[in-house]
Amino acid sequence: MQYIKEPIYCLSCGGKLSEKPDENNRIRRYCPACGWTYYANPIPASAFVVLGDNHELLLIKRKNEPKSGSWALPSGYVEIDETAAECAVNELKEETGLIGEVTESLGYFFQDSSIYKRVITFGFLMKITGGFLQPGDDALDARYFPIDELPEIPFSSHNKFIEIIKKKFEL
Ligand SMILES: [Zn+2]
């Protein structure tokens with residue numbers, strides 16, 4: 001897997017893109033035919049912390065890239081028609097079968113991505129209100145881990161959210 005490439009053709013009209021410096025001298029791809037400009041932005045994602053009755057941490061084994069096969073917080077990319085918190089509620093159900101609600105925002109962190117180059121990940125603490133724990137279509141496994149026996153998690157933002165939670169609950 002390598003970075004997605006910068007577009008060659010206009011996403012609006014399909015014309016071939018050219019490059020020119022903007023007013024800050026940053027080179028941008030633009031479409032001479034329709035004027036559309038390509039801006040590379042960090043992709044928004046949500047990751048969320050769910051704690052069990054004894055403060056165990058819910059993790060999923062990732063089915064998809066990046067880091068397929070690794071354990072991580074449940075997470076997903078924010079769709080165009082949802083908020084970061086709605087993304088958390090929807091992804092929780094998709095990945096783990098559990099129904100939950102966001103109880104607290106844990107802030108956000110930027111991290112490098114092997115696919116999208118740069119991702120901004122919003123963190124949430126969630127409370128489970130229903131459902132049954134069962135890995136969904138985009139997870140190989142889903143289970144609770146004792147907080148002091150966590151597997152290696154390859155995403156810096158996830159580890160930072162976990163540190164925030166450990167401090168908060170003095171775990
Ligand atoms: Zn165009």
# chains A, B, ... in the order shown; residues from 1 in each chain; ligands from 1

call {"tool": "select_by_dssp", "arguments": {"residues": "range 20-153 of chain A", "states": "strand (DSSP E or B)", "output": "count of residues only"}}
result
66

call {"tool": "residues_near_ligand", "arguments": {"ligand": "ligand 1", "cutoff": "10 Å", "atoms": "only C-alpha atoms and all ligand atoms", "output": "list in words"}}
result
Tyr9, Cys10, Leu11, Ser12, Cys13, Gly14, Gly15, Lys16, Leu17, Tyr30, Cys31, Pro32, Ala33, Cys34, Gly35, Trp36 and Thr37 of chain A

call {"tool": "write_last_selection", "arguments": {"atoms": "C-alpha atoms", "output": "mmCIF file, in the first residue's frame"}}
result
data_model
loop_
_atom_site.group_PDB
_atom_site.id
_atom_site.type_symbol
_atom_site.label_atom_id
_atom_site.label_comp_id
_atom_site.auth_asym_id
_atom_site.auth_seq_id
_atom_site.Cartn_x
_atom_site.Cartn_y
_atom_site.Cartn_z
ATOM 1 C CA TYR A 9 -7.467 14.995 -13.727
ATOM 2 C CA CYS A 10 -9.994 17.532 -12.472
ATOM 3 C CA LEU A 11 -12.511 16.047 -10.004
ATOM 4 C CA SER A 12 -15.093 18.533 -11.255
ATOM 5 C CA CYS A 13 -14.885 18.463 -15.076
ATOM 6 C CA GLY A 14 -12.330 15.727 -15.828
ATOM 7 C CA GLY A 15 -9.878 18.087 -17.552
ATOM 8 C CA LYS A 16 -6.135 17.624 -17.174
ATOM 9 C CA LEU A 17 -4.707 19.520 -14.200
ATOM 10 C CA TYR A 30 -5.624 23.436 -10.697
ATOM 11 C CA CYS A 31 -7.839 22.953 -13.706
ATOM 12 C CA PRO A 32 -7.271 25.466 -16.525
ATOM 13 C CA ALA A 33 -10.649 24.458 -18.045
ATOM 14 C CA CYS A 34 -12.958 25.149 -15.069
ATOM 15 C CA GLY A 35 -10.746 26.759 -12.414
ATOM 16 C CA TRP A 36 -11.063 23.939 -9.823
ATOM 17 C CA THR A 37 -8.102 23.758 -7.431
#

call {"tool": "residues_around", "arguments": {"residues": "Leu57 in chain A", "least_positions_apart": "3", "cutoff": "9 Å", "atoms": "only C-alpha atoms", "output": "PyMOL selection string"}}
result
chain A and resi 49-52+73+143-147+150+162

call {"tool": "write_last_selection", "arguments": {"atoms": "N, CA and C atoms", "output": "PDB file, in the first residue's frame"}}
result
ATOM      1  N   VAL A  49     -12.973   5.370  22.962  1.00  0.00           N
ATOM      2  CA  VAL A  49     -12.610   4.558  24.123  1.00  0.00           C
ATOM      3  C   VAL A  49     -13.905   4.063  24.763  1.00  0.00           C
ATOM      4  N   VAL A  50     -14.000   2.739  24.898  1.00  0.00           N
ATOM      5  CA  VAL A  50     -15.113   2.112  25.605  1.00  0.00           C
ATOM      6  C   VAL A  50     -14.514   1.280  26.725  1.00  0.00           C
ATOM      7  N   LEU A  51     -14.955   1.542  27.941  1.00  0.00           N
ATOM      8  CA  LEU A  51     -14.430   0.805  29.094  1.00  0.00           C
ATOM      9  C   LEU A  51     -15.479  -0.161  29.616  1.00  0.00           C
ATOM     10  N   GLY A  52     -15.023  -1.357  29.992  1.00  0.00           N
ATOM     11  CA  GLY A  52     -15.912  -2.343  30.602  1.00  0.00           C
ATOM     12  C   GLY A  52     -16.139  -2.030  32.069  1.00  0.00           C
ATOM     13  N   LEU A  73      -7.987   0.909  18.866  1.00  0.00           N
ATOM     14  CA  LEU A  73      -9.304   1.389  19.274  1.00  0.00           C
ATOM     15  C   LEU A  73     -10.253   1.233  18.087  1.00  0.00           C
ATOM     16  N   ARG A 143     -12.642  -7.397  21.458  1.00  0.00           N
ATOM     17  CA  ARG A 143     -12.783  -7.830  22.843  1.00  0.00           C
ATOM     18  C   ARG A 143     -12.169  -6.830  23.814  1.00  0.00           C
ATOM     19  N   TYR A 144     -12.498  -7.037  25.085  1.00  0.00           N
ATOM     20  CA  TYR A 144     -11.974  -6.173  26.138  1.00  0.00           C
ATOM     21  C   TYR A 144     -10.634  -6.703  26.629  1.00  0.00           C
ATOM     22  N   PHE A 145      -9.699  -5.770  26.877  1.00  0.00           N
ATOM     23  CA  PHE A 145      -8.385  -6.110  27.422  1.00  0.00           C
ATOM     24  C   PHE A 145      -8.207  -5.422  28.776  1.00  0.00           C
ATOM     25  N   PRO A 146      -7.589  -6.129  29.750  1.00  0.00           N
ATOM     26  CA  PRO A 146      -7.192  -5.407  30.972  1.00  0.00           C
ATOM     27  C   PRO A 146      -6.275  -4.261  30.580  1.00  0.00           C
ATOM     28  N   ILE A 147      -6.460  -3.112  31.213  1.00  0.00           N
ATOM     29  CA  ILE A 147      -5.774  -1.891  30.771  1.00  0.00           C
ATOM     30  C   ILE A 147      -4.250  -2.000  30.908  1.00  0.00           C
ATOM     31  N   LEU A 150      -2.430  -4.416  27.519  1.00  0.00           N
ATOM     32  CA  LEU A 150      -2.863  -4.072  26.163  1.00  0.00           C
ATOM     33  C   LEU A 150      -1.840  -4.556  25.142  1.00  0.00           C
ATOM     34  N   ILE A 162      -5.746   6.807  24.953  1.00  0.00           N
ATOM     35  CA  ILE A 162      -5.709   5.833  26.052  1.00  0.00           C
ATOM     36  C   ILE A 162      -4.994   6.438  27.263  1.00  0.00           C
TER      37      ILE A 162
END

call {"tool": "atom_distance", "arguments": {"atom1": "CA of Phe110 in chain A", "atom2": "CA of Ile153 in chain A"}}
result
15.9 Å

call {"tool": "atom_distance", "arguments": {"atom1": "CA of Ala84 in chain A", "atom2": "CA of Ile8 in chain A"}}
result
29.9 Å

call {"tool": "atom_distance", "arguments": {"atom1": "CA of Val89 in chain A", "atom2": "CA of Glu170 in chain A"}}
result
25.5 Å

call {"tool": "residues_around", "arguments": {"residues": "Lys160 in chain A", "least_positions_apart": "5", "cutoff": "12 Å", "atoms": "only C-alpha atoms", "output": "count of residues only"}}
result
20

call {"tool": "residues_around", "arguments": {"residues": "Met126 in chain A", "least_positions_apart": "5", "cutoff": "6 Å", "atoms": "only C-alpha atoms", "output": "MDAnalysis selection string"}}
result
chainID A and resid 50 101:103

call {"tool": "residues_around", "arguments": {"residues": "Gly100 in chain A", "least_positions_apart": "5", "cutoff": "9 Å", "atoms": "only C-alpha atoms", "output": "PyMOL selection string"}}
result
chain A and resi 50+88-90+92-93+126-131

call {"tool": "closest_residue", "arguments": {"among": "A:Ile60, A:Glu82, A:Lys117, A:Asp22", "to": "Tyr38 in chain A", "atoms": "only C-alpha atoms"}}
result
A:Asp22

call {"tool": "closest_residue", "arguments": {"among": "A:Ser105, A:Glu86, A:Asp138, A:Leu171", "to": "Gly69 in chain A", "atoms": "only C-alpha atoms"}}
result
A:Asp138

call {"tool": "closest_residue", "arguments": {"among": "A:Thr96, A:Ser18, A:Asn41, A:Asn24", "to": "Tyr116 in chain A", "atoms": "only C-alpha atoms"}}
result
A:Asn41

call {"tool": "decode", "arguments": {"residues": "range 16-153 of chain A", "atoms": "C-alpha atoms", "output": "CSV table (one decimal), in the first residue's frame"}}
result
chain,number,residue,atom,x,y,z
A,16,LYS,CA,-6.1,17.6,-17.2
A,17,LEU,CA,-4.7,19.5,-14.2
A,18,SER,CA,-1.8,22.0,-14.3
A,19,GLU,CA,0.3,23.4,-11.5
A,20,LYS,CA,0.8,26.9,-10.4
A,21,PRO,CA,2.0,28.7,-7.2
A,22,ASP,CA,-0.8,30.3,-5.1
A,23,GLU,CA,-0.4,33.7,-3.4
A,24,ASN,CA,1.8,32.0,-0.6
A,25,ASN,CA,4.0,30.4,-3.2
A,26,ARG,CA,2.7,26.9,-2.5
A,27,ILE,CA,2.4,24.9,-5.7
A,28,ARG,CA,-1.2,23.8,-6.3
A,29,ARG,CA,-2.8,21.7,-8.9
A,30,TYR,CA,-5.6,23.4,-10.7
A,31,CYS,CA,-7.8,23.0,-13.7
A,32,PRO,CA,-7.3,25.5,-16.5
A,33,ALA,CA,-10.6,24.5,-18.0
A,34,CYS,CA,-13.0,25.1,-15.1
A,35,GLY,CA,-10.7,26.8,-12.4
A,36,TRP,CA,-11.1,23.9,-9.8
A,37,THR,CA,-8.1,23.8,-7.4
A,38,TYR,CA,-6.9,20.7,-5.6
A,39,TYR,CA,-6.2,21.1,-1.9
A,40,ALA,CA,-4.6,18.3,0.1
A,41,ASN,CA,-6.2,18.2,3.6
A,42,PRO,CA,-5.9,15.8,6.5
A,43,ILE,CA,-8.6,13.2,6.5
A,44,PRO,CA,-10.9,13.3,9.6
A,45,ALA,CA,-11.4,10.1,11.6
A,46,SER,CA,-12.9,9.2,14.9
A,47,ALA,CA,-11.5,6.8,17.5
A,48,PHE,CA,-13.3,5.9,20.7
A,49,VAL,CA,-12.6,4.6,24.1
A,50,VAL,CA,-15.1,2.1,25.6
A,51,LEU,CA,-14.4,0.8,29.1
A,52,GLY,CA,-15.9,-2.3,30.6
A,53,ASP,CA,-17.3,-2.7,34.1
A,54,ASN,CA,-13.7,-3.1,35.6
A,55,HIS,CA,-12.2,-0.5,33.3
A,56,GLU,CA,-11.1,-3.0,30.7
A,57,LEU,CA,-10.5,-1.4,27.3
A,58,LEU,CA,-12.5,-2.4,24.2
A,59,LEU,CA,-10.2,-3.0,21.2
A,60,ILE,CA,-10.8,-4.4,17.7
A,61,LYS,CA,-8.4,-6.4,15.5
A,62,ARG,CA,-8.3,-4.4,12.3
A,63,LYS,CA,-9.4,-6.1,9.1
A,64,ASN,CA,-8.6,-3.1,6.8
A,65,GLU,CA,-5.5,-1.2,6.0
A,66,PRO,CA,-3.7,0.7,7.4
A,67,LYS,CA,-2.2,-1.8,9.9
A,68,SER,CA,-4.5,-4.7,9.0
A,69,GLY,CA,-4.2,-7.4,11.7
A,70,SER,CA,-3.2,-5.0,14.4
A,71,TRP,CA,-5.3,-4.3,17.6
A,72,ALA,CA,-6.5,-0.7,17.9
A,73,LEU,CA,-9.3,1.4,19.3
A,74,PRO,CA,-12.5,1.1,17.2
A,75,SER,CA,-12.3,3.9,14.7
A,76,GLY,CA,-13.4,5.1,11.3
A,77,TYR,CA,-13.3,7.9,8.8
A,78,VAL,CA,-15.9,10.5,9.1
A,79,GLU,CA,-18.5,10.4,6.3
A,80,ILE,CA,-19.5,13.6,4.6
A,81,ASP,CA,-23.0,13.6,6.2
A,82,GLU,CA,-22.1,12.8,9.8
A,83,THR,CA,-20.3,14.6,12.7
A,84,ALA,CA,-17.2,13.1,14.3
A,85,ALA,CA,-19.4,12.0,17.2
A,86,GLU,CA,-22.0,10.5,14.9
A,87,CYS,CA,-19.2,8.6,13.2
A,88,ALA,CA,-18.2,7.2,16.6
A,89,VAL,CA,-21.7,5.9,17.3
A,90,ASN,CA,-22.0,4.4,13.8
A,91,GLU,CA,-18.6,2.8,13.7
A,92,LEU,CA,-19.0,1.3,17.2
A,93,LYS,CA,-22.1,-0.5,15.9
A,94,GLU,CA,-20.5,-1.6,12.7
A,95,GLU,CA,-17.2,-2.8,14.2
A,96,THR,CA,-18.4,-4.3,17.5
A,97,GLY,CA,-22.2,-4.8,17.4
A,98,LEU,CA,-22.5,-2.6,20.4
A,99,ILE,CA,-24.8,0.4,20.7
A,100,GLY,CA,-23.4,3.4,22.6
A,101,GLU,CA,-23.4,7.1,23.1
A,102,VAL,CA,-20.6,9.7,23.3
A,103,THR,CA,-20.2,10.9,26.9
A,104,GLU,CA,-17.1,13.0,26.5
A,105,SER,CA,-14.8,14.5,23.8
A,106,LEU,CA,-11.1,13.6,24.3
A,107,GLY,CA,-9.8,16.2,21.9
A,108,TYR,CA,-7.9,15.5,18.6
A,109,PHE,CA,-4.5,14.5,17.4
A,110,PHE,CA,-2.8,14.6,14.0
A,111,GLN,CA,-0.9,11.6,12.8
A,112,ASP,CA,0.8,10.4,9.6
A,113,SER,CA,-1.1,7.9,7.6
A,114,SER,CA,0.4,5.3,5.2
A,115,ILE,CA,-2.6,5.8,2.9
A,116,TYR,CA,-3.8,9.4,3.3
A,117,LYS,CA,-0.5,10.9,4.3
A,118,ARG,CA,-2.1,12.8,7.2
A,119,VAL,CA,-5.1,12.1,9.4
A,120,ILE,CA,-6.8,14.2,12.1
A,121,THR,CA,-8.3,11.8,14.7
A,122,PHE,CA,-11.1,13.0,17.1
A,123,GLY,CA,-11.3,11.0,20.3
A,124,PHE,CA,-14.4,10.2,22.3
A,125,LEU,CA,-15.2,8.4,25.5
A,126,MET,CA,-18.4,6.3,24.9
A,127,LYS,CA,-20.9,4.5,27.1
A,128,ILE,CA,-22.5,1.3,26.0
A,129,THR,CA,-26.3,1.3,26.1
A,130,GLY,CA,-27.1,-1.9,24.2
A,131,GLY,CA,-26.2,-4.5,21.7
A,132,PHE,CA,-23.9,-7.6,21.9
A,133,LEU,CA,-20.2,-7.7,21.4
A,134,GLN,CA,-19.5,-9.3,18.1
A,135,PRO,CA,-16.8,-8.3,15.5
A,136,GLY,CA,-18.5,-6.6,12.6
A,137,ASP,CA,-17.7,-6.9,8.8
A,138,ASP,CA,-14.7,-4.6,9.1
A,139,ALA,CA,-13.1,-6.2,12.2
A,140,LEU,CA,-11.4,-9.5,12.6
A,141,ASP,CA,-12.0,-9.6,16.4
A,142,ALA,CA,-13.3,-7.4,19.1
A,143,ARG,CA,-12.8,-7.8,22.8
A,144,TYR,CA,-12.0,-6.2,26.1
A,145,PHE,CA,-8.4,-6.1,27.4
A,146,PRO,CA,-7.2,-5.4,31.0
A,147,ILE,CA,-5.8,-1.9,30.8
A,148,ASP,CA,-2.3,-3.0,31.9
A,149,GLU,CA,-2.2,-5.9,29.4
A,150,LEU,CA,-2.9,-4.1,26.2
A,151,PRO,CA,-1.4,-5.4,22.9
A,152,GLU,CA,0.8,-3.0,20.8
A,153,ILE,CA,-1.4,-0.4,19.1
